[in-house]
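One file, input31.cif, is given below (mmCIF, C-alpha atoms and all ligand atoms).
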```
data_structure
#
loop_
_atom_site.label_atom_id
_atom_site.label_comp_id
_atom_site.auth_asym_id
_atom_site.auth_seq_id
_atom_site.Cartn_x
_atom_site.Cartn_y
_atom_site.Cartn_z
CA MET A 955 58.32 51.60 189.85
CA ILE A 956 61.38 53.87 189.82
CA PRO A 957 60.99 57.28 191.48
CA ALA A 958 61.87 60.53 189.74
CA SER A 959 65.34 61.74 190.71
CA PHE A 960 65.66 63.72 193.91
CA GLU A 961 68.30 65.10 196.25
CA TYR A 962 68.68 63.13 199.48
CA GLN A 963 69.56 64.99 202.66
CA ALA A 964 70.10 63.43 206.08
CA PRO A 965 70.25 66.06 208.83
CA LYS A 966 71.74 65.04 212.18
CA THR A 967 69.76 67.44 214.36
CA LEU A 968 66.19 68.70 214.49
CA ASP A 969 67.39 72.29 213.98
CA GLU A 970 69.24 71.27 210.83
CA ALA A 971 66.16 69.42 209.54
CA LEU A 972 63.97 72.47 210.20
CA ARG A 973 66.47 74.74 208.43
CA LEU A 974 66.44 72.46 205.36
CA LEU A 975 62.65 72.30 205.36
CA GLY A 976 62.42 76.08 205.73
CA ARG A 977 64.79 76.51 202.78
CA HIS A 978 63.09 74.03 200.43
CA GLY A 979 59.43 74.65 201.37
CA ASP A 980 56.93 72.48 199.49
CA GLU A 981 59.67 71.12 197.19
CA ALA A 982 60.78 68.94 200.11
CA LYS A 983 59.32 65.81 201.65
CA ILE A 984 60.21 64.36 205.02
CA LEU A 985 61.25 60.70 205.03
CA ALA A 986 60.65 58.77 208.28
CA GLY A 987 60.02 55.01 207.93
CA GLY A 988 59.41 55.37 204.19
CA HIS A 989 56.57 52.84 204.14
CA SER A 990 54.10 55.31 202.68
CA LEU A 991 56.34 57.89 201.01
CA LEU A 992 58.50 55.49 198.99
CA PRO A 993 55.55 53.63 197.38
CA LEU A 994 54.06 57.02 196.43
CA MET A 995 57.36 58.13 194.90
CA LYS A 996 57.78 54.86 193.02
CA LEU A 997 54.30 55.27 191.58
CA ARG A 998 55.19 58.91 190.75
CA LEU A 999 52.26 60.10 192.81
CA ALA A 1000 54.84 62.15 194.72
CA SER A 1001 57.96 63.59 193.10
CA PRO A 1002 59.70 65.77 195.70
CA ARG A 1003 62.86 67.57 194.61
CA TYR A 1004 64.38 67.08 198.06
CA VAL A 1005 63.92 64.15 200.43
CA ILE A 1006 64.88 65.02 203.99
CA ASP A 1007 65.53 61.85 205.97
CA ILE A 1008 64.75 62.48 209.66
CA GLY A 1009 65.52 58.86 210.57
CA ARG A 1010 68.77 59.84 212.34
CA LEU A 1011 67.13 62.30 214.73
CA ARG A 1012 67.38 60.24 217.91
CA SER A 1013 65.85 63.20 219.80
CA LEU A 1014 62.49 62.23 218.22
CA ASP A 1015 62.69 58.60 219.30
CA TYR A 1016 61.25 58.19 222.82
CA ILE A 1017 58.24 57.10 224.86
CA ARG A 1018 58.15 58.67 228.33
CA GLU A 1019 55.80 59.73 231.10
CA ASP A 1020 55.22 63.38 231.93
CA GLY A 1021 52.60 64.13 234.60
CA ALA A 1022 49.17 63.03 233.35
CA HIS A 1023 50.47 62.27 229.83
CA ILE A 1024 52.66 59.87 227.94
CA LEU A 1025 54.83 61.64 225.37
CA ILE A 1026 55.73 59.76 222.22
CA GLY A 1027 58.40 61.03 219.84
CA ALA A 1028 57.41 61.05 216.17
CA LEU A 1029 60.06 58.46 215.28
CA ALA A 1030 58.75 55.79 217.66
CA THR A 1031 58.02 52.81 215.43
CA HIS A 1032 54.77 50.86 215.52
CA ALA A 1033 56.75 47.93 217.00
CA GLN A 1034 58.12 50.14 219.80
CA VAL A 1035 54.63 51.42 220.62
CA ALA A 1036 53.22 47.88 220.58
CA ALA A 1037 55.94 46.61 222.92
CA SER A 1038 56.12 49.59 225.32
CA SER A 1039 55.42 48.41 228.86
CA LEU A 1040 54.76 52.04 229.91
CA LEU A 1041 52.02 52.37 227.28
CA ARG A 1042 50.60 48.92 227.94
CA GLN A 1043 50.21 49.83 231.58
CA LYS A 1044 49.06 53.44 231.27
CA CYS A 1045 47.55 53.88 227.81
CA PRO A 1046 46.86 50.38 226.46
CA LEU A 1047 44.78 51.55 223.48
CA LEU A 1048 47.88 52.65 221.54
CA PRO A 1049 49.85 49.37 221.84
CA GLU A 1050 46.69 47.42 221.03
CA THR A 1051 46.27 49.52 217.88
CA ALA A 1052 49.96 49.47 216.88
CA ALA A 1053 50.08 45.67 217.15
CA GLN A 1054 47.38 45.44 214.45
CA ILE A 1055 49.19 47.59 211.86
CA GLY A 1056 50.37 45.78 208.71
CA ASP A 1057 52.98 43.08 209.25
CA MET A 1058 56.25 42.81 211.16
CA GLN A 1059 58.30 44.64 208.50
CA VAL A 1060 55.84 47.54 208.42
CA ARG A 1061 55.73 47.73 212.22
CA ASN A 1062 59.53 47.70 212.46
CA ARG A 1063 60.02 50.60 210.02
CA GLY A 1064 56.80 52.65 210.12
CA THR A 1065 56.64 55.50 212.63
CA ILE A 1066 53.76 57.03 214.56
CA GLY A 1067 54.67 60.49 213.21
CA GLY A 1068 54.77 59.23 209.62
CA SER A 1069 51.46 57.43 209.93
CA LEU A 1070 49.65 60.43 211.42
CA ALA A 1071 51.21 62.97 209.05
CA HIS A 1072 50.38 60.78 206.05
CA ALA A 1073 46.71 60.54 207.14
CA ASP A 1074 45.82 57.51 205.05
CA PRO A 1075 42.04 57.16 205.41
CA ALA A 1076 42.50 53.47 206.29
CA ALA A 1077 45.35 53.93 208.79
CA ASP A 1078 44.82 52.57 212.30
CA TYR A 1079 46.42 55.16 214.60
CA PRO A 1080 44.07 58.04 213.71
CA ALA A 1081 41.08 56.26 215.30
CA ALA A 1082 42.99 55.71 218.56
CA ILE A 1083 44.45 59.22 218.59
CA LEU A 1084 40.93 60.66 218.22
CA ALA A 1085 39.46 58.43 220.93
CA LEU A 1086 42.26 59.45 223.28
CA ASP A 1087 41.82 63.18 222.62
CA ALA A 1088 45.55 63.29 222.00
CA GLU A 1089 47.56 66.41 221.24
CA LEU A 1090 50.05 66.61 218.38
CA VAL A 1091 53.06 68.90 218.58
CA VAL A 1092 54.46 70.31 215.33
CA GLN A 1093 57.59 72.39 215.02
CA SER A 1094 59.00 74.74 212.37
CA GLY A 1095 61.86 77.23 212.26
CA SER A 1096 59.57 79.77 213.92
CA GLY A 1097 58.48 77.66 216.89
CA LYS A 1098 56.07 74.99 218.12
CA ARG A 1099 52.31 74.63 218.03
CA THR A 1100 50.00 72.03 219.51
CA ILE A 1101 47.02 70.67 217.60
CA ARG A 1102 44.16 68.68 219.13
CA ALA A 1103 43.54 65.34 217.42
CA ALA A 1104 39.96 66.38 216.62
CA GLU A 1105 41.34 69.20 214.43
CA PHE A 1106 44.38 67.43 213.00
CA PHE A 1107 42.87 65.43 210.11
CA VAL A 1108 41.61 67.69 207.32
CA ASP A 1109 40.77 65.30 204.46
CA LEU A 1110 42.20 62.39 202.48
CA LEU A 1111 46.00 62.50 203.04
CA GLN A 1112 45.69 66.04 204.43
CA THR A 1113 46.45 67.27 207.92
CA GLN A 1114 47.13 70.55 209.68
CA VAL A 1115 50.91 70.02 209.25
CA ARG A 1116 52.17 72.78 206.92
CA PRO A 1117 55.19 72.77 204.59
CA GLY A 1118 58.26 73.55 206.71
CA GLU A 1119 56.83 71.82 209.79
CA ILE A 1120 57.71 68.49 211.42
CA LEU A 1121 55.32 66.56 213.61
CA THR A 1122 57.60 66.00 216.58
CA GLU A 1123 55.50 64.55 219.40
CA VAL A 1124 52.20 62.87 220.24
CA ARG A 1125 50.84 63.46 223.77
CA VAL A 1126 48.29 60.96 225.07
CA PRO A 1127 46.52 61.09 228.44
CA ILE A 1128 47.11 58.36 231.01
CA GLU A 1129 44.07 56.13 231.46
CA ARG A 1130 41.87 57.10 234.43
CA PRO A 1131 40.46 54.65 236.99
CA GLY A 1132 37.16 53.23 235.69
CA GLU A 1133 38.19 53.75 232.09
CA GLY A 1134 38.45 51.00 229.47
CA THR A 1135 39.63 51.15 225.86
CA ALA A 1136 39.63 48.86 222.83
CA TYR A 1137 40.44 48.92 219.11
CA ARG A 1138 38.55 46.62 216.77
CA LYS A 1139 39.33 46.44 213.08
CA PHE A 1140 38.08 44.77 209.94
CA HIS A 1141 41.37 44.05 208.12
CA GLN A 1142 41.73 44.50 204.41
CA PRO A 1143 43.03 40.95 203.79
CA ALA A 1144 45.83 41.90 201.35
CA SER A 1145 47.40 44.94 203.06
CA GLY A 1146 46.12 44.71 206.61
CA PHE A 1147 44.84 48.31 206.47
CA ALA A 1148 41.51 49.01 208.18
CA THR A 1149 38.52 48.62 205.90
CA VAL A 1150 36.80 49.82 209.04
CA GLY A 1151 38.41 50.45 212.42
CA ALA A 1152 36.84 51.63 215.68
CA ALA A 1153 38.65 52.81 218.81
CA ALA A 1154 36.56 53.26 221.94
CA ARG A 1155 37.39 54.88 225.28
CA VAL A 1156 34.70 54.48 227.90
CA LEU A 1157 34.47 55.77 231.46
CA ALA A 1158 32.01 53.58 233.32
CA SER A 1159 30.26 54.27 236.59
CA LYS A 1160 29.65 51.54 239.17
CA ASP A 1161 25.87 51.73 238.65
CA GLY A 1162 26.29 50.30 235.16
CA LYS A 1163 26.16 53.54 233.17
CA ILE A 1164 28.45 55.07 230.61
CA GLN A 1165 29.69 58.25 232.26
CA ASP A 1166 31.77 59.33 229.28
CA ILE A 1167 32.70 57.89 225.89
CA ALA A 1168 34.92 58.77 222.93
CA LEU A 1169 34.72 56.78 219.69
CA GLY A 1170 37.27 57.27 216.89
CA MET A 1171 36.50 55.75 213.47
CA THR A 1172 38.88 55.08 210.58
CA GLY A 1173 38.59 53.44 207.15
CA VAL A 1174 35.02 54.58 206.64
CA GLY A 1175 35.29 58.01 205.01
CA SER A 1176 38.02 60.17 203.49
CA LYS A 1177 39.41 60.96 206.95
CA ALA A 1178 39.22 59.56 210.46
CA TYR A 1179 36.55 61.13 212.67
CA ARG A 1180 34.88 61.08 216.08
CA ALA A 1181 31.48 59.38 215.91
CA THR A 1182 29.79 62.08 217.95
CA GLY A 1183 26.29 60.74 217.22
CA VAL A 1184 27.15 57.45 218.95
CA GLU A 1185 28.88 59.25 221.83
CA LYS A 1186 25.88 61.53 222.42
CA ALA A 1187 23.44 58.61 222.29
CA LEU A 1188 25.41 56.66 224.93
CA ARG A 1189 26.61 59.30 227.40
CA GLY A 1190 24.82 58.74 230.74
CA LYS A 1191 23.04 55.63 229.41
CA LYS A 1192 22.90 52.04 230.69
CA THR A 1193 25.34 49.63 229.09
CA ASP A 1194 22.86 47.06 227.81
CA ASP A 1195 23.35 45.56 224.38
CA GLU A 1196 20.20 47.01 222.82
CA THR A 1197 21.08 50.59 223.76
CA ILE A 1198 24.60 50.17 222.38
CA ALA A 1199 23.37 48.56 219.15
CA ALA A 1200 20.87 51.38 218.56
CA ALA A 1201 23.56 54.02 219.18
CA CYS A 1202 26.10 52.27 216.91
CA ALA A 1203 23.71 52.55 213.96
CA LYS A 1204 24.92 56.18 213.95
CA ALA A 1205 28.61 55.24 213.56
CA ALA A 1206 28.81 56.59 210.00
CA GLN A 1207 26.29 59.41 210.49
CA GLY A 1208 27.18 62.50 208.45
CA VAL A 1209 29.96 60.63 206.60
CA GLU A 1210 30.04 59.63 202.93
CA PRO A 1211 31.60 56.15 203.18
CA LEU A 1212 34.28 55.27 200.62
CA SER A 1213 33.61 52.58 198.04
CA ASP A 1214 36.26 50.37 196.45
CA ILE A 1215 36.79 46.93 194.97
CA PHE A 1216 36.89 45.39 198.43
CA ALA A 1217 33.99 47.09 200.21
CA SER A 1218 31.09 49.12 198.91
CA SER A 1219 29.91 52.28 200.58
CA GLU A 1220 26.84 50.48 202.02
CA TYR A 1221 28.97 47.64 203.36
CA ARG A 1222 31.40 50.06 205.02
CA ARG A 1223 28.47 51.87 206.64
CA ALA A 1224 27.12 48.57 208.00
CA MET A 1225 30.56 47.46 209.24
CA ALA A 1226 31.11 50.83 210.92
CA GLY A 1227 28.18 49.97 213.21
CA VAL A 1228 29.34 46.40 213.83
CA PHE A 1229 32.93 47.35 214.69
CA ALA A 1230 31.90 50.37 216.77
CA HIS A 1231 29.69 47.98 218.77
CA ARG A 1232 32.53 45.50 219.23
CA ALA A 1233 35.00 48.18 220.32
CA ILE A 1234 32.55 49.69 222.83
CA SER A 1235 31.63 46.26 224.26
CA ALA A 1236 35.31 45.36 224.70
CA ALA A 1237 36.12 48.75 226.25
CA LEU A 1238 33.20 48.35 228.66
CA ALA A 1239 34.36 44.89 229.68
CA ARG A 1240 37.76 46.37 230.55
CA ALA A 1241 36.23 49.39 232.30
CA GLY A 1242 34.01 47.00 234.27
CA ASN A 1243 37.04 44.99 235.36
CA HIS A 1244 38.73 48.18 236.57
CA ALA A 1245 35.60 49.31 238.41
CA GLY A 1246 35.09 45.82 239.85
CA THR A 1247 31.75 45.36 238.06
CA LYS A 1248 32.23 42.76 235.34
CA SER A 1249 28.52 42.90 234.55
CA LEU A 1250 29.12 46.15 232.60
CA ALA A 1251 30.13 44.15 229.55
CA PRO A 1252 27.20 43.42 227.26
CA LYS A 1253 27.22 40.42 224.94
CA PRO A 1254 29.34 41.20 221.84
CA PRO A 1255 27.34 41.67 218.60
CA THR A 1256 26.92 38.83 216.16
CA ALA A 1257 29.53 39.03 213.40
CA SER A 1258 28.63 39.26 209.75
CA PRO A 1259 29.91 36.10 207.99
CA ARG A 1260 32.28 38.16 205.82
CA ALA A 1261 33.79 40.10 208.70
CA SER A 1262 34.32 37.04 210.88
CA LYS A 1263 35.89 35.16 207.98
CA SER A 1264 38.47 37.91 207.57
CA LYS A 1265 39.08 38.08 211.32
CA GLY A 1266 39.62 34.38 211.53
CA LYS A 1267 42.22 34.44 208.79
CA ARG A 1268 44.40 37.04 210.48
CA LYS A 1269 44.67 35.75 214.02
C1 LIG B 1301 52.49 46.64 202.99
C2 LIG B 1301 52.05 47.73 203.91
C3 LIG B 1301 51.01 47.47 204.80
C4 LIG B 1301 50.58 48.49 205.67
N1 LIG B 1301 49.56 48.22 206.52
C5 LIG B 1301 49.13 49.19 207.36
C6 LIG B 1301 48.07 48.95 208.27
O1 LIG B 1301 47.52 47.86 208.37
N2 LIG B 1301 47.68 49.98 209.04
C7 LIG B 1301 48.27 51.21 209.01
O2 LIG B 1301 47.86 52.11 209.75
N3 LIG B 1301 49.29 51.46 208.17
C8 LIG B 1301 49.73 50.49 207.35
N4 LIG B 1301 50.78 50.76 206.50
C9 LIG B 1301 51.39 52.10 206.50
C10 LIG B 1301 52.53 52.16 207.53
O3 LIG B 1301 51.97 52.18 208.82
C11 LIG B 1301 53.42 53.41 207.32
O4 LIG B 1301 54.57 53.15 208.02
C12 LIG B 1301 52.89 54.72 207.79
O5 LIG B 1301 51.70 55.07 207.18
C13 LIG B 1301 53.83 55.86 207.44
O6 LIG B 1301 54.86 55.94 208.37
P1 LIG B 1301 56.36 56.07 207.89
O7 LIG B 1301 57.16 56.33 209.11
O8 LIG B 1301 56.72 54.93 207.06
O9 LIG B 1301 56.27 57.45 207.04
P2 LIG B 1301 56.90 57.84 205.62
O10 LIG B 1301 56.49 56.90 204.58
O11 LIG B 1301 58.36 58.09 205.77
O12 LIG B 1301 56.16 59.25 205.43
C14 LIG B 1301 54.78 59.29 205.15
C15 LIG B 1301 54.35 60.76 204.93
O13 LIG B 1301 54.41 61.50 206.14
C16 LIG B 1301 55.38 62.55 206.07
N5 LIG B 1301 56.08 62.51 207.36
C17 LIG B 1301 56.72 61.46 207.91
N6 LIG B 1301 57.13 61.75 209.15
C18 LIG B 1301 56.73 63.02 209.38
C19 LIG B 1301 56.85 63.90 210.50
N7 LIG B 1301 57.44 63.52 211.65
N8 LIG B 1301 56.34 65.15 210.41
C20 LIG B 1301 55.71 65.55 209.27
N9 LIG B 1301 55.57 64.77 208.18
C21 LIG B 1301 56.07 63.52 208.24
C22 LIG B 1301 56.25 62.23 204.87
O14 LIG B 1301 56.79 63.39 204.27
C23 LIG B 1301 55.26 61.52 203.95
O15 LIG B 1301 54.49 62.48 203.27
C24 LIG B 1301 51.22 49.77 205.64
C25 LIG B 1301 52.28 50.00 204.75
C26 LIG B 1301 52.69 49.00 203.90
C27 LIG B 1301 53.84 49.29 202.97
#
```

As structure tokens - that is how I would like this structure written.
Amino acid sequence: MIPASFEYQAPKTLDEALRLLGRHGDEAKILAGGHSLLPLMKLRLASPRYVIDIGRLRSLDYIREDGAHILIGALATHAQVAASSLLRQKCPLLPETAAQIGDMQVRNRGTIGGSLAHADPAADYPAAILALDAELVVQSGSGKRTIRAAEFFVDLLQTQVRPGEILTEVRVPIERPGEGTAYRKFHQPASGFATVGAAARVLASKDGKIQDIALGMTGVGSKAYRATGVEKALRGKKTDDETIAAACAKAAQGVEPLSDIFASSEYRRAMAGVFAHRAISAALARAGNHAGTKSLAPKPPTASPRASKSKGKRK
């Protein structure tokens, strides 16, 4: 559990960090909260020659409003996102998600930029970022580019961020009137990671229909994804429980679910449907409250004994 030796560098400005990254290329690794990188280095699954600690770049530590978006600097910790009154008021899906990440220590050190750049297949933020249609800003010595969440995650631990680039900002849209969001997660009992996680954003109409829906899934396959089959099946449809249950059977459509000691591929596929259903029902209840039609919320699905046991333990 001792990492290979490396050179530690702690730039004081973003420009300096980008210069160092440009110079060292793929021999360098960025260190933010360290909650994913350091375990990898200790296990020798990563052995960077240079570790560039961006933790002192206060210019990447902010949460602020800008027109129709909330801008979040890459160094905002999970705890800051969970506690942000601006986000709770205007984009509540992110604080709801952040509050369910790991434990207090992880939330106090881990950063939104680090979590998204690391792209752990069981991480929580990716589902929310996908459901929100967020944009991710990355910067290198040669300028900035903006990547849509739907294109950001490439595969297991792989994103569109290239060597020499830093993910600097996450841009999320402010919730619209009539919209409701929710994140529901089946916790891995030891680590807290999502065995399955579903983030739903629903725009409801007053006549009890789903006008628009976005559903981000994590934990199921090798990368987080939008469950487009479920979205297509529900757009323009009534919000009754049967319709939602039938649509949620497509939550893992086109995905090869992962299998591990905790959950088999078949179990993950089944739980994807259950947690998608729960997230959509909760989002609809909130959308209904906003639209003044509480009847939009269907009855939540019956829990599997295993899932409810785990849920009961955590909260
Ligand atoms: C015990 C434990 C439990 C956990 N439970 C959960 C959980 O329930 N849910 C969950 O989602 N996560 C969980 N995590 C992971 C945690 O959220 C991490 O903090 C997060 O994945 C990585 O963020 P970090 O800031 O620590 O990044 P680091 O570990 O510093 O970096 C991670 C990777 O991203 C790169 N990187 C970091 N910042 C940037 C950037 N701005 N631009 C480009 N690349 C960058 C690094 O080079 C590295 O490759 C857990 C971790 C631990 C140790």

Subject >> Counting all atoms listed in the file, the option among A:His1231, A:His1032, A:Lys1177, A:Arg1155 closest to Leu1212 of chain A >> reply: A:Lys1177

Original post:
From the set A:Gly1170, A:Gly987, A:Pro1143, A:Gly1027, which residue has the shortest atom-to-atom contact distance to Arg1012 of chain A, counting only C-alpha atoms?
Top reply: A:Gly1027

Show me which residues are within 7 Å of ligand LIG 1301 (chain B) counting only C-alpha atoms and all ligand atoms, and format the list as an mmCIF file with C-alpha atoms, in the frame of the given file.
```
data_model
loop_
_atom_site.group_PDB
_atom_site.id
_atom_site.type_symbol
_atom_site.label_atom_id
_atom_site.label_comp_id
_atom_site.auth_asym_id
_atom_site.auth_seq_id
_atom_site.Cartn_x
_atom_site.Cartn_y
_atom_site.Cartn_z
ATOM 1 C CA LYS A 983 59.320 65.810 201.650
ATOM 2 C CA ILE A 984 60.210 64.360 205.020
ATOM 3 C CA LEU A 985 61.250 60.700 205.030
ATOM 4 C CA ALA A 986 60.650 58.770 208.280
ATOM 5 C CA GLY A 987 60.020 55.010 207.930
ATOM 6 C CA GLY A 988 59.410 55.370 204.190
ATOM 7 C CA HIS A 989 56.570 52.840 204.140
ATOM 8 C CA SER A 990 54.100 55.310 202.680
ATOM 9 C CA LEU A 991 56.340 57.890 201.010
ATOM 10 C CA LEU A 992 58.500 55.490 198.990
ATOM 11 C CA ALA A 1028 57.410 61.050 216.170
ATOM 12 C CA LEU A 1029 60.060 58.460 215.280
ATOM 13 C CA GLN A 1054 47.380 45.440 214.450
ATOM 14 C CA ILE A 1055 49.190 47.590 211.860
ATOM 15 C CA GLY A 1056 50.370 45.780 208.710
ATOM 16 C CA ASP A 1057 52.980 43.080 209.250
ATOM 17 C CA VAL A 1060 55.840 47.540 208.420
ATOM 18 C CA ARG A 1061 55.730 47.730 212.220
ATOM 19 C CA ARG A 1063 60.020 50.600 210.020
ATOM 20 C CA GLY A 1064 56.800 52.650 210.120
ATOM 21 C CA THR A 1065 56.640 55.500 212.630
ATOM 22 C CA ILE A 1066 53.760 57.030 214.560
ATOM 23 C CA GLY A 1067 54.670 60.490 213.210
ATOM 24 C CA GLY A 1068 54.770 59.230 209.620
ATOM 25 C CA SER A 1069 51.460 57.430 209.930
ATOM 26 C CA ALA A 1071 51.210 62.970 209.050
ATOM 27 C CA HIS A 1072 50.380 60.780 206.050
ATOM 28 C CA ASP A 1074 45.820 57.510 205.050
ATOM 29 C CA ALA A 1076 42.500 53.470 206.290
ATOM 30 C CA ALA A 1077 45.350 53.930 208.790
ATOM 31 C CA ASP A 1078 44.820 52.570 212.300
ATOM 32 C CA TYR A 1079 46.420 55.160 214.600
ATOM 33 C CA VAL A 1115 50.910 70.020 209.250
ATOM 34 C CA GLU A 1119 56.830 71.820 209.790
ATOM 35 C CA ILE A 1120 57.710 68.490 211.420
ATOM 36 C CA LEU A 1121 55.320 66.560 213.610
ATOM 37 C CA THR A 1122 57.600 66.000 216.580
ATOM 38 C CA SER A 1145 47.400 44.940 203.060
ATOM 39 C CA GLY A 1146 46.120 44.710 206.610
ATOM 40 C CA PHE A 1147 44.840 48.310 206.470
ATOM 41 C CA ALA A 1148 41.510 49.010 208.180
#
```

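With distances taken over all atoms listed in the file, A:Arg1222 is the one residue among A:Arg1222, A:Arg1042, A:Arg1099, A:His978 lying closest to Val1150 of chain A.
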
**OP:** Choose the residue, out of A:Ser1001, A:Asp980, A:Arg1130, A:Ala1152, that has the smallest atom-to-atom separation from Ala958 of chain A; count only C-alpha atoms.
**Re:** A:Ser1001

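With only C-alpha atoms as the atoms that count, the minimum distance from Gly1242 of chain A to the choices A:Ser1096, A:Ser1013, A:Ser1218, A:Thr1193 is reached by A:Thr1193.
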
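Distances here use all atoms listed in the file; by that measure, the residue among A:Val1156, A:Ala1085, A:Ile1017, A:Leu1238 closest to Val1035 of chain A is A:Ile1017.
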
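Our summary of the geometry notes that atom CA of Pro1080 of chain A is positioned 26.8 Å from atom CA of Lys1163 of chain A.
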
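Rounded to one decimal, atom CA of Gln1165 of chain A and atom CA of Glu1133 of chain A lie 9.6 Å from each other.
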
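Here the residues that fall within 8 Å of (47.4, 59.9, 236.5), using all atoms listed in the file, are given as Gly1021, Ala1022, His1023, Ile1128, Glu1129 and Arg1130 of chain A.
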
Original post:
What gap, in Å, lies between atom CA of Leu974 of chain A and atom CA of Gln1114 of chain A?
Top reply: 19.9 Å

Subject >> Protein, DNA and RNA residues within 12 Å of (31.3, 58.1, 222.7), only C-alpha atoms, as a ChimeraX atom specification >> reply: /A:1084-1087,1135,1152-1158,1164-1171,1179-1191,1198,1201-1202,1204-1205,1230-1231,1233-1235,1237-1238

Could the residues in this selection be written to a file with C-alpha atoms, as an mmCIF file, in the frame of the given file?
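Wrote out_0.cif, looks like this:
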```cif
data_model
loop_
_atom_site.group_PDB
_atom_site.id
_atom_site.type_symbol
_atom_site.label_atom_id
_atom_site.label_comp_id
_atom_site.auth_asym_id
_atom_site.auth_seq_id
_atom_site.Cartn_x
_atom_site.Cartn_y
_atom_site.Cartn_z
ATOM 1 C CA LEU A 1084 40.930 60.660 218.220
ATOM 2 C CA ALA A 1085 39.460 58.430 220.930
ATOM 3 C CA LEU A 1086 42.260 59.450 223.280
ATOM 4 C CA ASP A 1087 41.820 63.180 222.620
ATOM 5 C CA THR A 1135 39.630 51.150 225.860
ATOM 6 C CA ALA A 1152 36.840 51.630 215.680
ATOM 7 C CA ALA A 1153 38.650 52.810 218.810
ATOM 8 C CA ALA A 1154 36.560 53.260 221.940
ATOM 9 C CA ARG A 1155 37.390 54.880 225.280
ATOM 10 C CA VAL A 1156 34.700 54.480 227.900
ATOM 11 C CA LEU A 1157 34.470 55.770 231.460
ATOM 12 C CA ALA A 1158 32.010 53.580 233.320
ATOM 13 C CA ILE A 1164 28.450 55.070 230.610
ATOM 14 C CA GLN A 1165 29.690 58.250 232.260
ATOM 15 C CA ASP A 1166 31.770 59.330 229.280
ATOM 16 C CA ILE A 1167 32.700 57.890 225.890
ATOM 17 C CA ALA A 1168 34.920 58.770 222.930
ATOM 18 C CA LEU A 1169 34.720 56.780 219.690
ATOM 19 C CA GLY A 1170 37.270 57.270 216.890
ATOM 20 C CA MET A 1171 36.500 55.750 213.470
ATOM 21 C CA TYR A 1179 36.550 61.130 212.670
ATOM 22 C CA ARG A 1180 34.880 61.080 216.080
ATOM 23 C CA ALA A 1181 31.480 59.380 215.910
ATOM 24 C CA THR A 1182 29.790 62.080 217.950
ATOM 25 C CA GLY A 1183 26.290 60.740 217.220
ATOM 26 C CA VAL A 1184 27.150 57.450 218.950
ATOM 27 C CA GLU A 1185 28.880 59.250 221.830
ATOM 28 C CA LYS A 1186 25.880 61.530 222.420
ATOM 29 C CA ALA A 1187 23.440 58.610 222.290
ATOM 30 C CA LEU A 1188 25.410 56.660 224.930
ATOM 31 C CA ARG A 1189 26.610 59.300 227.400
ATOM 32 C CA GLY A 1190 24.820 58.740 230.740
ATOM 33 C CA LYS A 1191 23.040 55.630 229.410
ATOM 34 C CA ILE A 1198 24.600 50.170 222.380
ATOM 35 C CA ALA A 1201 23.560 54.020 219.180
ATOM 36 C CA CYS A 1202 26.100 52.270 216.910
ATOM 37 C CA LYS A 1204 24.920 56.180 213.950
ATOM 38 C CA ALA A 1205 28.610 55.240 213.560
ATOM 39 C CA ALA A 1230 31.900 50.370 216.770
ATOM 40 C CA HIS A 1231 29.690 47.980 218.770
ATOM 41 C CA ALA A 1233 35.000 48.180 220.320
ATOM 42 C CA ILE A 1234 32.550 49.690 222.830
ATOM 43 C CA SER A 1235 31.630 46.260 224.260
ATOM 44 C CA ALA A 1237 36.120 48.750 226.250
ATOM 45 C CA LEU A 1238 33.200 48.350 228.660
#
```

Save segment 1199-1225 of chain A from what I just supplied, as an mmCIF file, in the first residue's frame, atoms limited to C-alpha atoms.
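Ended up saving to part_7.cif:
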```
data_model
loop_
_atom_site.group_PDB
_atom_site.id
_atom_site.type_symbol
_atom_site.label_atom_id
_atom_site.label_comp_id
_atom_site.auth_asym_id
_atom_site.auth_seq_id
_atom_site.Cartn_x
_atom_site.Cartn_y
_atom_site.Cartn_z
ATOM 1 C CA ALA A 1199 -43.311 0.417 -14.589
ATOM 2 C CA ALA A 1200 -43.533 -0.828 -18.192
ATOM 3 C CA ALA A 1201 -41.171 1.922 -19.378
ATOM 4 C CA CYS A 1202 -38.668 1.294 -16.556
ATOM 5 C CA ALA A 1203 -38.227 -2.306 -17.698
ATOM 6 C CA LYS A 1204 -36.067 -0.676 -20.405
ATOM 7 C CA ALA A 1205 -33.721 1.014 -17.886
ATOM 8 C CA ALA A 1206 -30.767 -1.225 -18.802
ATOM 9 C CA GLN A 1207 -31.705 -1.666 -22.471
ATOM 10 C CA GLY A 1208 -28.636 -1.892 -24.715
ATOM 11 C CA VAL A 1209 -26.289 -2.097 -21.694
ATOM 12 C CA GLU A 1210 -24.228 -5.082 -20.558
ATOM 13 C CA PRO A 1211 -24.658 -4.829 -16.763
ATOM 14 C CA LEU A 1212 -21.547 -5.380 -14.633
ATOM 15 C CA SER A 1213 -21.317 -8.406 -12.383
ATOM 16 C CA ASP A 1214 -19.357 -8.573 -9.129
ATOM 17 C CA ILE A 1215 -19.323 -10.246 -5.738
ATOM 18 C CA PHE A 1216 -22.087 -7.948 -4.520
ATOM 19 C CA ALA A 1217 -24.526 -7.918 -7.436
ATOM 20 C CA SER A 1218 -24.844 -10.144 -10.468
ATOM 21 C CA SER A 1219 -25.528 -8.785 -13.913
ATOM 22 C CA GLU A 1220 -29.169 -9.996 -13.761
ATOM 23 C CA TYR A 1221 -29.692 -8.414 -10.348
ATOM 24 C CA ARG A 1222 -28.255 -5.082 -11.525
ATOM 25 C CA ARG A 1223 -30.571 -5.165 -14.542
ATOM 26 C CA ALA A 1224 -33.582 -5.776 -12.275
ATOM 27 C CA MET A 1225 -32.527 -3.052 -9.822
#
```
